[in-house]
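File shown here: final03.cif, holding mmCIF, C-alpha atoms and all ligand atoms.
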```cif
data_protein
#
loop_
_atom_site.label_atom_id
_atom_site.label_comp_id
_atom_site.auth_asym_id
_atom_site.auth_seq_id
_atom_site.Cartn_x
_atom_site.Cartn_y
_atom_site.Cartn_z
CA MET A 1 -16.92 -17.01 2.54
CA ALA A 2 -13.94 -15.22 4.07
CA ALA A 3 -13.84 -11.42 3.89
CA LEU A 4 -10.67 -10.12 2.35
CA ASP A 5 -9.36 -6.55 2.40
CA VAL A 6 -6.26 -4.44 2.20
CA ILE A 7 -6.22 -2.67 5.57
CA GLN A 8 -2.97 -0.75 5.30
CA ALA A 9 -1.02 0.56 2.35
CA LYS A 10 1.90 2.91 2.22
CA TYR A 11 4.73 3.83 -0.08
CA VAL A 12 8.00 2.29 1.15
CA ALA A 13 10.79 2.47 -1.43
CA THR A 14 11.88 3.15 -4.99
CA ALA A 15 14.54 1.09 -6.76
CA VAL A 16 16.33 0.95 -10.09
CA LYS A 17 18.88 -1.67 -9.06
CA LYS A 18 19.23 -4.64 -6.78
CA SER A 19 21.08 -2.86 -3.97
CA GLN A 20 17.97 -0.71 -3.49
CA TYR A 21 15.49 -3.59 -3.05
CA PRO A 22 13.99 -3.89 0.46
CA THR A 23 15.77 -6.49 2.57
CA ASP A 24 13.14 -7.27 5.21
CA GLY A 25 12.09 -10.52 3.54
CA LEU A 26 8.40 -9.72 2.97
CA ALA A 27 6.68 -11.56 0.12
CA GLU A 28 6.25 -9.55 -3.07
CA VAL A 29 3.45 -9.44 -5.62
CA ALA A 30 4.46 -7.45 -8.71
CA PHE A 31 2.43 -5.84 -11.49
CA LEU A 32 3.77 -5.74 -15.03
CA GLY A 33 2.32 -4.83 -18.41
CA ARG A 34 2.43 -2.42 -21.30
CA SER A 35 2.66 1.28 -20.56
CA ASN A 36 -0.74 2.72 -19.76
CA VAL A 37 -2.43 -0.68 -19.26
CA GLY A 38 -3.48 0.36 -15.75
CA LYS A 39 -0.88 -1.04 -13.31
CA SER A 40 -0.72 1.94 -10.98
CA SER A 41 -4.50 2.38 -11.06
CA LEU A 42 -4.94 -1.28 -10.15
CA ILE A 43 -2.66 -0.97 -7.13
CA ASN A 44 -4.58 2.10 -5.97
CA SER A 45 -7.94 0.39 -6.39
CA LEU A 46 -6.81 -2.80 -4.63
CA CYS A 47 -5.67 -0.63 -1.73
CA ASN A 48 -8.72 1.67 -1.77
CA HIS A 49 -6.27 4.53 -1.93
CA ARG A 50 -6.53 6.99 -4.81
CA GLY A 51 -3.20 8.71 -4.46
CA LEU A 52 -0.86 5.85 -3.56
CA ALA A 53 0.70 5.15 -6.98
CA ARG A 54 0.90 7.91 -9.58
CA VAL A 55 -1.49 7.47 -12.52
CA SER A 56 -1.38 9.28 -15.84
CA GLY A 57 -3.31 9.45 -19.09
CA SER A 58 -0.04 9.41 -21.05
CA PRO A 59 2.08 6.26 -21.14
CA GLY A 60 5.46 6.05 -19.41
CA LYS A 61 4.37 7.49 -16.06
CA THR A 62 5.99 4.92 -13.79
CA GLN A 63 9.71 4.75 -14.54
CA THR A 64 11.09 3.09 -11.44
CA ILE A 65 10.32 0.03 -9.34
CA ASN A 66 8.05 1.22 -6.52
CA TYR A 67 7.36 -0.80 -3.39
CA TYR A 68 4.14 -0.36 -1.45
CA GLY A 69 3.88 -2.03 1.94
CA VAL A 70 0.39 -3.47 2.39
CA THR A 71 -1.40 -5.63 4.92
CA LEU A 72 -4.07 -8.05 3.72
CA ARG A 73 -6.68 -8.97 6.27
CA GLN A 74 -8.65 -12.17 5.92
CA GLU A 75 -11.59 -12.74 8.23
CA ASP A 76 -13.37 -16.06 8.40
CA GLY A 77 -15.77 -16.05 11.35
CA GLU A 78 -13.61 -15.80 14.46
CA ASP A 79 -10.45 -16.49 12.51
CA VAL A 80 -8.67 -13.26 11.54
CA ARG A 81 -5.34 -13.36 9.70
CA ARG A 82 -3.06 -10.58 8.59
CA TYR A 83 -0.54 -10.90 5.81
CA PRO A 84 2.05 -8.15 5.39
CA LEU A 85 3.60 -7.99 1.92
CA TYR A 86 4.76 -5.67 -0.85
CA PHE A 87 2.88 -4.68 -3.95
CA VAL A 88 5.54 -3.83 -6.51
CA ASP A 89 4.64 -1.39 -9.29
CA LEU A 90 6.90 -1.83 -12.31
CA PRO A 91 7.45 0.52 -15.25
CA GLY A 92 5.51 -0.32 -18.39
CA TYR A 93 7.06 -1.93 -21.42
CA GLY A 94 6.52 -1.14 -25.09
CA PHE A 95 6.64 2.60 -24.89
CA ALA A 96 9.24 4.16 -27.18
CA LYS A 97 8.48 7.87 -27.06
CA THR A 98 11.29 8.77 -24.67
CA GLY A 99 13.86 7.21 -27.00
CA LYS A 100 15.42 3.83 -27.39
CA LYS A 101 18.09 4.28 -24.78
CA GLN A 102 15.71 4.92 -21.94
CA ARG A 103 13.39 2.17 -23.11
CA ASP A 104 16.26 -0.28 -23.00
CA MET A 105 17.20 0.84 -19.52
CA TRP A 106 13.70 0.13 -18.25
CA SER A 107 13.68 -3.32 -19.65
CA ALA A 108 17.12 -3.93 -18.17
CA PHE A 109 16.00 -3.19 -14.66
CA ILE A 110 12.69 -4.95 -15.06
CA HIS A 111 14.70 -7.97 -16.20
CA GLU A 112 17.01 -7.60 -13.24
CA TYR A 113 14.08 -7.40 -10.83
CA ILE A 114 12.45 -10.51 -12.28
CA ARG A 115 15.68 -12.47 -12.11
CA GLU A 116 17.07 -11.17 -8.85
CA SER A 117 14.14 -10.63 -6.51
CA THR A 118 14.20 -13.50 -4.07
CA GLN A 119 10.82 -12.51 -2.62
CA LEU A 120 8.69 -12.41 -5.76
CA ARG A 121 5.78 -14.84 -5.23
CA LEU A 122 3.37 -13.81 -7.95
CA LEU A 123 3.61 -11.62 -11.00
CA CYS A 124 0.34 -10.16 -12.23
CA LEU A 125 0.67 -9.65 -15.97
CA LEU A 126 -1.81 -6.97 -16.94
CA ILE A 127 -3.31 -7.12 -20.41
CA ASP A 128 -5.75 -4.63 -21.86
CA SER A 129 -9.02 -6.59 -22.01
CA ARG A 130 -9.76 -5.02 -25.42
CA HIS A 131 -6.53 -6.38 -26.96
CA PRO A 132 -5.97 -9.94 -25.77
CA GLY A 133 -3.29 -11.13 -28.22
CA LEU A 134 -0.61 -8.46 -28.66
CA ASP A 135 2.88 -9.74 -29.53
CA LEU A 136 4.61 -7.80 -26.78
CA ASP A 137 2.35 -9.32 -24.13
CA LEU A 138 2.86 -12.83 -25.48
CA GLN A 139 6.63 -12.28 -25.49
CA ALA A 140 6.56 -10.98 -21.91
CA TYR A 141 4.53 -14.03 -20.86
CA GLU A 142 6.92 -16.50 -22.51
CA TRP A 143 9.90 -14.79 -20.97
CA LEU A 144 8.36 -14.73 -17.49
CA LEU A 145 7.56 -18.44 -17.67
CA SER A 146 11.10 -19.20 -18.84
CA ALA A 147 12.38 -17.23 -15.82
CA GLY A 148 10.28 -19.53 -13.58
CA VAL A 149 7.86 -16.85 -12.37
CA SER A 150 4.26 -17.62 -11.29
CA VAL A 151 2.04 -15.55 -13.53
CA GLN A 152 -1.54 -14.37 -13.04
CA ILE A 153 -3.18 -12.80 -16.09
CA VAL A 154 -5.33 -9.76 -15.28
CA ALA A 155 -7.47 -8.23 -18.06
CA THR A 156 -7.69 -4.51 -17.30
CA LYS A 157 -10.17 -1.75 -18.19
CA SER A 158 -12.99 -4.30 -18.46
CA ASP A 159 -15.47 -1.42 -18.11
CA LYS A 160 -14.61 -0.49 -21.71
CA LEU A 161 -16.14 -3.72 -23.08
CA ARG A 162 -19.69 -4.98 -23.43
CA ALA A 163 -20.58 -8.05 -21.39
CA ARG A 164 -20.41 -10.38 -24.40
CA GLU A 165 -16.98 -9.13 -25.50
CA ARG A 166 -15.71 -9.44 -21.94
CA GLN A 167 -16.54 -13.13 -21.85
CA GLN A 168 -15.22 -13.72 -25.36
CA ASN A 169 -11.90 -12.01 -24.65
CA LEU A 170 -11.57 -13.83 -21.36
CA ARG A 171 -11.81 -17.14 -23.22
CA THR A 172 -9.22 -15.93 -25.75
CA LEU A 173 -6.86 -15.02 -22.90
CA ALA A 174 -7.29 -18.43 -21.29
CA GLU A 175 -6.27 -20.04 -24.61
CA LEU A 176 -3.33 -17.72 -25.28
CA PHE A 177 -1.94 -17.80 -21.72
CA PRO A 178 -2.62 -21.34 -20.51
CA ASP A 179 -0.18 -21.05 -17.58
CA GLY A 180 -1.40 -17.64 -16.45
CA GLY A 181 -3.78 -18.77 -13.74
CA ARG A 182 -7.42 -18.39 -14.60
CA PRO A 183 -7.50 -14.96 -16.30
CA LEU A 184 -9.59 -12.44 -14.44
CA LEU A 185 -11.38 -9.27 -15.49
CA TYR A 186 -10.47 -6.11 -13.72
CA SER A 187 -11.77 -2.55 -13.70
CA SER A 188 -10.20 0.05 -11.46
CA LEU A 189 -12.94 2.42 -12.52
CA LYS A 190 -15.93 0.19 -11.79
CA ARG A 191 -14.21 -1.80 -9.05
CA GLN A 192 -14.58 -5.17 -10.73
CA GLY A 193 -12.25 -8.06 -9.94
CA GLN A 194 -10.70 -6.86 -6.69
CA THR A 195 -11.94 -9.70 -4.53
CA LEU A 196 -10.98 -12.40 -7.03
CA LEU A 197 -7.49 -10.96 -7.40
CA LEU A 198 -6.99 -10.65 -3.63
CA GLN A 199 -8.11 -14.28 -3.27
CA GLN A 200 -5.55 -15.33 -5.86
CA ILE A 201 -2.84 -13.35 -4.06
CA ILE A 202 -3.69 -14.88 -0.68
CA HIS A 203 -3.77 -18.30 -2.28
CA THR A 204 -0.17 -17.86 -3.51
CA ILE A 205 1.39 -16.32 -0.42
CA ALA A 206 -0.48 -18.05 2.42
N1 LIG B 301 -11.72 3.13 -18.14
C1 LIG B 301 -10.69 2.75 -17.38
N2 LIG B 301 -9.53 3.47 -17.41
C2 LIG B 301 -8.49 3.04 -16.65
C3 LIG B 301 -8.58 1.88 -15.83
N3 LIG B 301 -7.39 1.70 -15.21
C4 LIG B 301 -6.59 2.71 -15.63
N4 LIG B 301 -7.24 3.52 -16.49
C5 LIG B 301 -6.70 4.73 -17.15
O1 LIG B 301 -5.58 4.35 -17.94
C6 LIG B 301 -4.56 5.34 -17.88
C7 LIG B 301 -3.25 4.72 -17.43
O2 LIG B 301 -3.36 4.27 -16.10
P1 LIG B 301 -2.08 3.95 -15.19
O3 LIG B 301 -2.59 3.27 -13.97
O4 LIG B 301 -1.24 5.17 -15.00
O5 LIG B 301 -1.29 2.92 -16.13
P2 LIG B 301 0.16 2.27 -15.91
O6 LIG B 301 0.07 0.89 -16.47
O7 LIG B 301 0.59 2.41 -14.50
O8 LIG B 301 1.05 3.18 -16.89
P3 LIG B 301 2.66 3.42 -16.88
O9 LIG B 301 3.07 3.74 -15.47
O10 LIG B 301 2.82 4.58 -17.80
O11 LIG B 301 3.29 2.17 -17.40
C8 LIG B 301 -5.09 6.43 -16.94
O12 LIG B 301 -5.67 7.45 -17.70
C9 LIG B 301 -6.15 5.72 -16.12
O13 LIG B 301 -7.15 6.57 -15.63
C10 LIG B 301 -9.83 1.16 -15.80
O14 LIG B 301 -10.02 0.14 -15.12
N5 LIG B 301 -10.83 1.64 -16.60
MG MG B 302 2.25 3.27 -13.69
#
```

Produce structure tokens that represent the structure in this file.
Amino acid sequence: MAALDVIQAKYVATAVKKSQYPTDGLAEVAFLGRSNVGKSSLINSLCNHRGLARVSGSPGKTQTINYYGVTLRQEDGEDVRRYPLYFVDLPGYGFAKTGKKQRDMWSAFIHEYIRESTQLRLLCLLIDSRHPGLDLDLQAYEWLLSAGVSVQIVATKSDKLRARERQQNLRTLAELFPDGGRPLLYSSLKRQGQTLLLQQIIHTIA
């Protein structure tokens, strides 16, 4: 079995419009989901770096598109490969507290990113593992598929469920999101799911 790690991770850029996207042609893996679902925490835990992306207990923390330059290292015996790419942290959707206008702006630039990024290879759609069938998530999924994006479903905060519920909800997700890869359980807190997700990422970009 090949060992797989993130060996470098650093903040590179912030964007709210296309002219601010990086232009160096690196592959991008983006993370999308409802506000507070755990996108920024997941990026930090994948990168073994607590302070890379800002995390908050209140929803609406990430309000811009943030690019983190990372290097994945895959080691299989003597064969060592390095893959440079971007992890892209997106603002959450479904959070109305700051007012309708701002909420609309977020969705406008998320939409623009999804449509305009030429380097997006995989979009990880994060879903709270406790709530597998919310309308907003189903709508986001349908829209992403119609935009031609490759989607991987990631069920976050799996540490909040008992083992039996985890498996049950995973099956529900597989039924609700049939084109979302094989859904995987993730816990930034308990460090569950990192290897599986990195394998899925390598599989798409390699
Ligand atoms: N128990 C548990 N809590 C988590 C996990 N991941 C994130 N959280 C908590 O959930 C809250 C939101 O986490 P963030 O990573 O900021 O969520 P986000 O999706 O980036 O939120 P926005 O940027 O506001 O859209 C924080 O209080 C985190 O500590 C997890 O795996 N398990
Ligand atoms: Mg965030």

Around the point (18.5, 3.0, -7.3), in the coordinates given by the file, pick out the residues reaching within 12 Å, counting only C-alpha atoms, and return them as a CSV table (one decimal) with C-alpha atoms, in the coordinates of the input.
```
chain,number,residue,atom,x,y,z
A,13,ALA,CA,10.8,2.5,-1.4
A,14,THR,CA,11.9,3.2,-5.0
A,15,ALA,CA,14.5,1.1,-6.8
A,16,VAL,CA,16.3,1.0,-10.1
A,17,LYS,CA,18.9,-1.7,-9.1
A,18,LYS,CA,19.2,-4.6,-6.8
A,19,SER,CA,21.1,-2.9,-4.0
A,20,GLN,CA,18.0,-0.7,-3.5
A,21,TYR,CA,15.5,-3.6,-3.0
A,22,PRO,CA,14.0,-3.9,0.5
A,63,GLN,CA,9.7,4.8,-14.5
A,64,THR,CA,11.1,3.1,-11.4
A,65,ILE,CA,10.3,0.0,-9.3
A,66,ASN,CA,8.0,1.2,-6.5
A,109,PHE,CA,16.0,-3.2,-14.7
A,113,TYR,CA,14.1,-7.4,-10.8
```

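In terms of minimum interatomic distance to Gly181 (chain A), A:Leu123 ranks closest within A:Leu52, A:Leu123, A:Leu90, A:Ala30, counting only C-alpha atoms.
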
Please provide the set of residues having any atom within 9 Å of Tyr11 (chain A), restricted to all atoms listed in the file, with same-chain residues fewer than 4 positions apart removed, written as a compact mmCIF listing (two decimals) with C-alpha atoms, keeping the file's coordinate frame.
```
# COMPACT_ATOMS: atom_id res chain seq x y z
CA LEU A 52 -0.86 5.85 -3.56
CA ALA A 53 0.70 5.15 -6.98
CA ASN A 66 8.05 1.22 -6.52
CA TYR A 67 7.36 -0.80 -3.39
CA TYR A 68 4.14 -0.36 -1.45
CA GLY A 69 3.88 -2.03 1.94
CA VAL A 70 0.39 -3.47 2.39
```

For this session: Find the residue from A:Leu85, A:Val37, A:Leu4, A:Val151 that sits nearest to Lys61 (chain A); use all atoms listed in the file when measuring.
Result: A:Val37

Exercise. Do you know which residues are at most 10 Å from region 197-200 of chain A counting all atoms listed in the file, after dropping those on the same chain fewer than 2 positions away, and could you put them as an MDAnalysis selection string?
Worked result: chainID A and resid 2:6 46 72 74 122 124 152:154 181:186 192:195 202:205

File dump, residues just selected, C-alpha atoms, as a tab-separated table (two decimals), in the coordinates of the input:
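Done, and the output landed in selection_2.tsv:
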```
chain	number	residue	atom	x	y	z
A	2	ALA	CA	-13.94	-15.22	4.07
A	3	ALA	CA	-13.84	-11.42	3.89
A	4	LEU	CA	-10.67	-10.12	2.35
A	5	ASP	CA	-9.36	-6.55	2.40
A	6	VAL	CA	-6.26	-4.44	2.20
A	46	LEU	CA	-6.81	-2.80	-4.63
A	72	LEU	CA	-4.07	-8.05	3.72
A	74	GLN	CA	-8.65	-12.17	5.92
A	122	LEU	CA	3.37	-13.81	-7.95
A	124	CYS	CA	0.34	-10.16	-12.23
A	152	GLN	CA	-1.54	-14.37	-13.04
A	153	ILE	CA	-3.18	-12.80	-16.09
A	154	VAL	CA	-5.33	-9.76	-15.28
A	181	GLY	CA	-3.78	-18.77	-13.74
A	182	ARG	CA	-7.42	-18.39	-14.60
A	183	PRO	CA	-7.50	-14.96	-16.30
A	184	LEU	CA	-9.59	-12.44	-14.44
A	185	LEU	CA	-11.38	-9.27	-15.49
A	186	TYR	CA	-10.47	-6.11	-13.72
A	192	GLN	CA	-14.58	-5.17	-10.73
A	193	GLY	CA	-12.25	-8.06	-9.94
A	194	GLN	CA	-10.70	-6.86	-6.69
A	195	THR	CA	-11.94	-9.70	-4.53
A	202	ILE	CA	-3.69	-14.88	-0.68
A	203	HIS	CA	-3.77	-18.30	-2.28
A	204	THR	CA	-0.17	-17.86	-3.51
A	205	ILE	CA	1.39	-16.32	-0.42
```

Please report, as JSON lines, each residue of chain A lying at most 6 Å from ligand MG 302 (chain B), together with the nearest pair of atoms and the separation in Å rounded to one decimal; use only C-alpha atoms and all ligand atoms, and order rows by chain and ascending residue number.
```
{"residue": "A:Lys39", "atom": "CA", "partner": "B:MG302", "partner_atom": "MG", "distance": 5.3}
{"residue": "A:Ser40", "atom": "CA", "partner": "B:MG302", "partner_atom": "MG", "distance": 4.2}
{"residue": "A:Val55", "atom": "CA", "partner": "B:MG302", "partner_atom": "MG", "distance": 5.7}
{"residue": "A:Lys61", "atom": "CA", "partner": "B:MG302", "partner_atom": "MG", "distance": 5.3}
{"residue": "A:Thr62", "atom": "CA", "partner": "B:MG302", "partner_atom": "MG", "distance": 4.1}
```

Please give the centre and size of the box around region 62-80 of chain A (axis-aligned, containing every atom listed in the file, 8 Å added per side), with values in Å to one decimal and written as lines of an AutoDock Vina configuration file.
```
center_x = -2.3
center_y = -5.8
center_z = 0.0
size_x = 42.9
size_y = 37.4
size_z = 45.0
```

Seminar exercise, completed: From the list A:Gln168, A:Ser56, A:Ser150, A:Ser129, the nearest residue to ligand LIG 301 (chain B) using all atoms listed in the file is A:Ser56

Residues of chain A at most 7 Å from ligand LIG 301 (chain B): nearest atom pair and distance in Å, only C-alpha atoms and all ligand atoms, as a Markdown table:
```
| residue | atom | partner | partner_atom | distance |
| --- | --- | --- | --- | --- |
| A:Gly33 | CA | B:LIG301 | O6 | 6.4 |
| A:Arg34 | CA | B:LIG301 | O11 | 6.1 |
| A:Ser35 | CA | B:LIG301 | O11 | 3.3 |
| A:Asn36 | CA | B:LIG301 | O8 | 3.4 |
| A:Val37 | CA | B:LIG301 | O6 | 4.1 |
| A:Gly38 | CA | B:LIG301 | O5 | 3.4 |
| A:Lys39 | CA | B:LIG301 | O6 | 3.8 |
| A:Ser40 | CA | B:LIG301 | O3 | 3.8 |
| A:Ser41 | CA | B:LIG301 | O3 | 3.6 |
| A:Leu42 | CA | B:LIG301 | N3 | 6.4 |
| A:Arg54 | CA | B:LIG301 | O4 | 6.4 |
| A:Val55 | CA | B:LIG301 | O4 | 3.4 |
| A:Ser56 | CA | B:LIG301 | O4 | 4.2 |
| A:Gly57 | CA | B:LIG301 | O12 | 3.4 |
| A:Ser58 | CA | B:LIG301 | O10 | 6.5 |
| A:Pro59 | CA | B:LIG301 | O10 | 3.8 |
| A:Gly60 | CA | B:LIG301 | O10 | 3.4 |
| A:Lys61 | CA | B:LIG301 | O10 | 3.7 |
| A:Thr62 | CA | B:LIG301 | O9 | 3.6 |
| A:Gln63 | CA | B:LIG301 | O9 | 6.8 |
| A:Pro91 | CA | B:LIG301 | O11 | 5.0 |
| A:Gly92 | CA | B:LIG301 | O11 | 3.5 |
| A:Tyr93 | CA | B:LIG301 | O11 | 6.9 |
| A:Thr156 | CA | B:LIG301 | O14 | 5.6 |
| A:Lys157 | CA | B:LIG301 | O14 | 3.6 |
| A:Ser158 | CA | B:LIG301 | O14 | 6.3 |
| A:Asp159 | CA | B:LIG301 | N5 | 5.8 |
| A:Lys160 | CA | B:LIG301 | N1 | 5.8 |
| A:Tyr186 | CA | B:LIG301 | O14 | 6.4 |
| A:Ser187 | CA | B:LIG301 | O14 | 3.5 |
| A:Ser188 | CA | B:LIG301 | O14 | 3.7 |
| A:Leu189 | CA | B:LIG301 | O14 | 4.5 |
| A:Lys190 | CA | B:LIG301 | O14 | 6.8 |
```

Rebuild region 165-181 of chain A to N, CA and C atoms - output it as a PDB file, in the coordinates of the input, please.
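Output (out-v4.pdb):
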```
ATOM      1  N   GLU A 165     -18.395  -9.214 -25.118  1.00  0.00           N
ATOM      2  CA  GLU A 165     -16.980  -9.130 -25.500  1.00  0.00           C
ATOM      3  C   GLU A 165     -16.081  -9.504 -24.317  1.00  0.00           C
ATOM      4  N   ARG A 166     -16.502  -9.109 -23.134  1.00  0.00           N
ATOM      5  CA  ARG A 166     -15.710  -9.440 -21.940  1.00  0.00           C
ATOM      6  C   ARG A 166     -15.512 -10.948 -21.840  1.00  0.00           C
ATOM      7  N   GLN A 167     -16.613 -11.679 -22.000  1.00  0.00           N
ATOM      8  CA  GLN A 167     -16.540 -13.130 -21.850  1.00  0.00           C
ATOM      9  C   GLN A 167     -15.739 -13.760 -22.991  1.00  0.00           C
ATOM     10  N   GLN A 168     -15.947 -13.213 -24.193  1.00  0.00           N
ATOM     11  CA  GLN A 168     -15.220 -13.720 -25.360  1.00  0.00           C
ATOM     12  C   GLN A 168     -13.709 -13.527 -25.178  1.00  0.00           C
ATOM     13  N   ASN A 169     -13.320 -12.307 -24.791  1.00  0.00           N
ATOM     14  CA  ASN A 169     -11.900 -12.010 -24.650  1.00  0.00           C
ATOM     15  C   ASN A 169     -11.268 -12.773 -23.490  1.00  0.00           C
ATOM     16  N   LEU A 170     -12.059 -13.036 -22.482  1.00  0.00           N
ATOM     17  CA  LEU A 170     -11.570 -13.830 -21.360  1.00  0.00           C
ATOM     18  C   LEU A 170     -11.227 -15.246 -21.823  1.00  0.00           C
ATOM     19  N   ARG A 171     -12.079 -15.791 -22.681  1.00  0.00           N
ATOM     20  CA  ARG A 171     -11.810 -17.140 -23.220  1.00  0.00           C
ATOM     21  C   ARG A 171     -10.556 -17.115 -24.085  1.00  0.00           C
ATOM     22  N   THR A 172     -10.418 -16.057 -24.907  1.00  0.00           N
ATOM     23  CA  THR A 172      -9.220 -15.930 -25.750  1.00  0.00           C
ATOM     24  C   THR A 172      -7.970 -15.891 -24.871  1.00  0.00           C
ATOM     25  N   LEU A 173      -8.020 -15.119 -23.794  1.00  0.00           N
ATOM     26  CA  LEU A 173      -6.860 -15.020 -22.900  1.00  0.00           C
ATOM     27  C   LEU A 173      -6.510 -16.369 -22.286  1.00  0.00           C
ATOM     28  N   ALA A 174      -7.539 -17.122 -21.898  1.00  0.00           N
ATOM     29  CA  ALA A 174      -7.290 -18.430 -21.290  1.00  0.00           C
ATOM     30  C   ALA A 174      -6.574 -19.352 -22.287  1.00  0.00           C
ATOM     31  N   GLU A 175      -6.925 -19.207 -23.587  1.00  0.00           N
ATOM     32  CA  GLU A 175      -6.270 -20.040 -24.610  1.00  0.00           C
ATOM     33  C   GLU A 175      -4.838 -19.577 -24.874  1.00  0.00           C
ATOM     34  N   LEU A 176      -4.640 -18.259 -24.930  1.00  0.00           N
ATOM     35  CA  LEU A 176      -3.330 -17.720 -25.280  1.00  0.00           C
ATOM     36  C   LEU A 176      -2.320 -17.826 -24.133  1.00  0.00           C
ATOM     37  N   PHE A 177      -2.831 -17.799 -22.894  1.00  0.00           N
ATOM     38  CA  PHE A 177      -1.940 -17.800 -21.720  1.00  0.00           C
ATOM     39  C   PHE A 177      -2.319 -18.958 -20.792  1.00  0.00           C
ATOM     40  N   PRO A 178      -2.104 -20.186 -21.258  1.00  0.00           N
ATOM     41  CA  PRO A 178      -2.620 -21.340 -20.510  1.00  0.00           C
ATOM     42  C   PRO A 178      -1.989 -21.496 -19.112  1.00  0.00           C
ATOM     43  N   ASP A 179      -0.793 -20.933 -18.907  1.00  0.00           N
ATOM     44  CA  ASP A 179      -0.180 -21.050 -17.580  1.00  0.00           C
ATOM     45  C   ASP A 179      -0.252 -19.732 -16.811  1.00  0.00           C
ATOM     46  N   GLY A 180      -1.268 -18.940 -17.102  1.00  0.00           N
ATOM     47  CA  GLY A 180      -1.400 -17.640 -16.450  1.00  0.00           C
ATOM     48  C   GLY A 180      -2.511 -17.604 -15.425  1.00  0.00           C
ATOM     49  N   GLY A 181      -2.661 -18.689 -14.677  1.00  0.00           N
ATOM     50  CA  GLY A 181      -3.780 -18.770 -13.740  1.00  0.00           C
ATOM     51  C   GLY A 181      -5.073 -18.766 -14.518  1.00  0.00           C
TER      52      GLY A 181
END
```
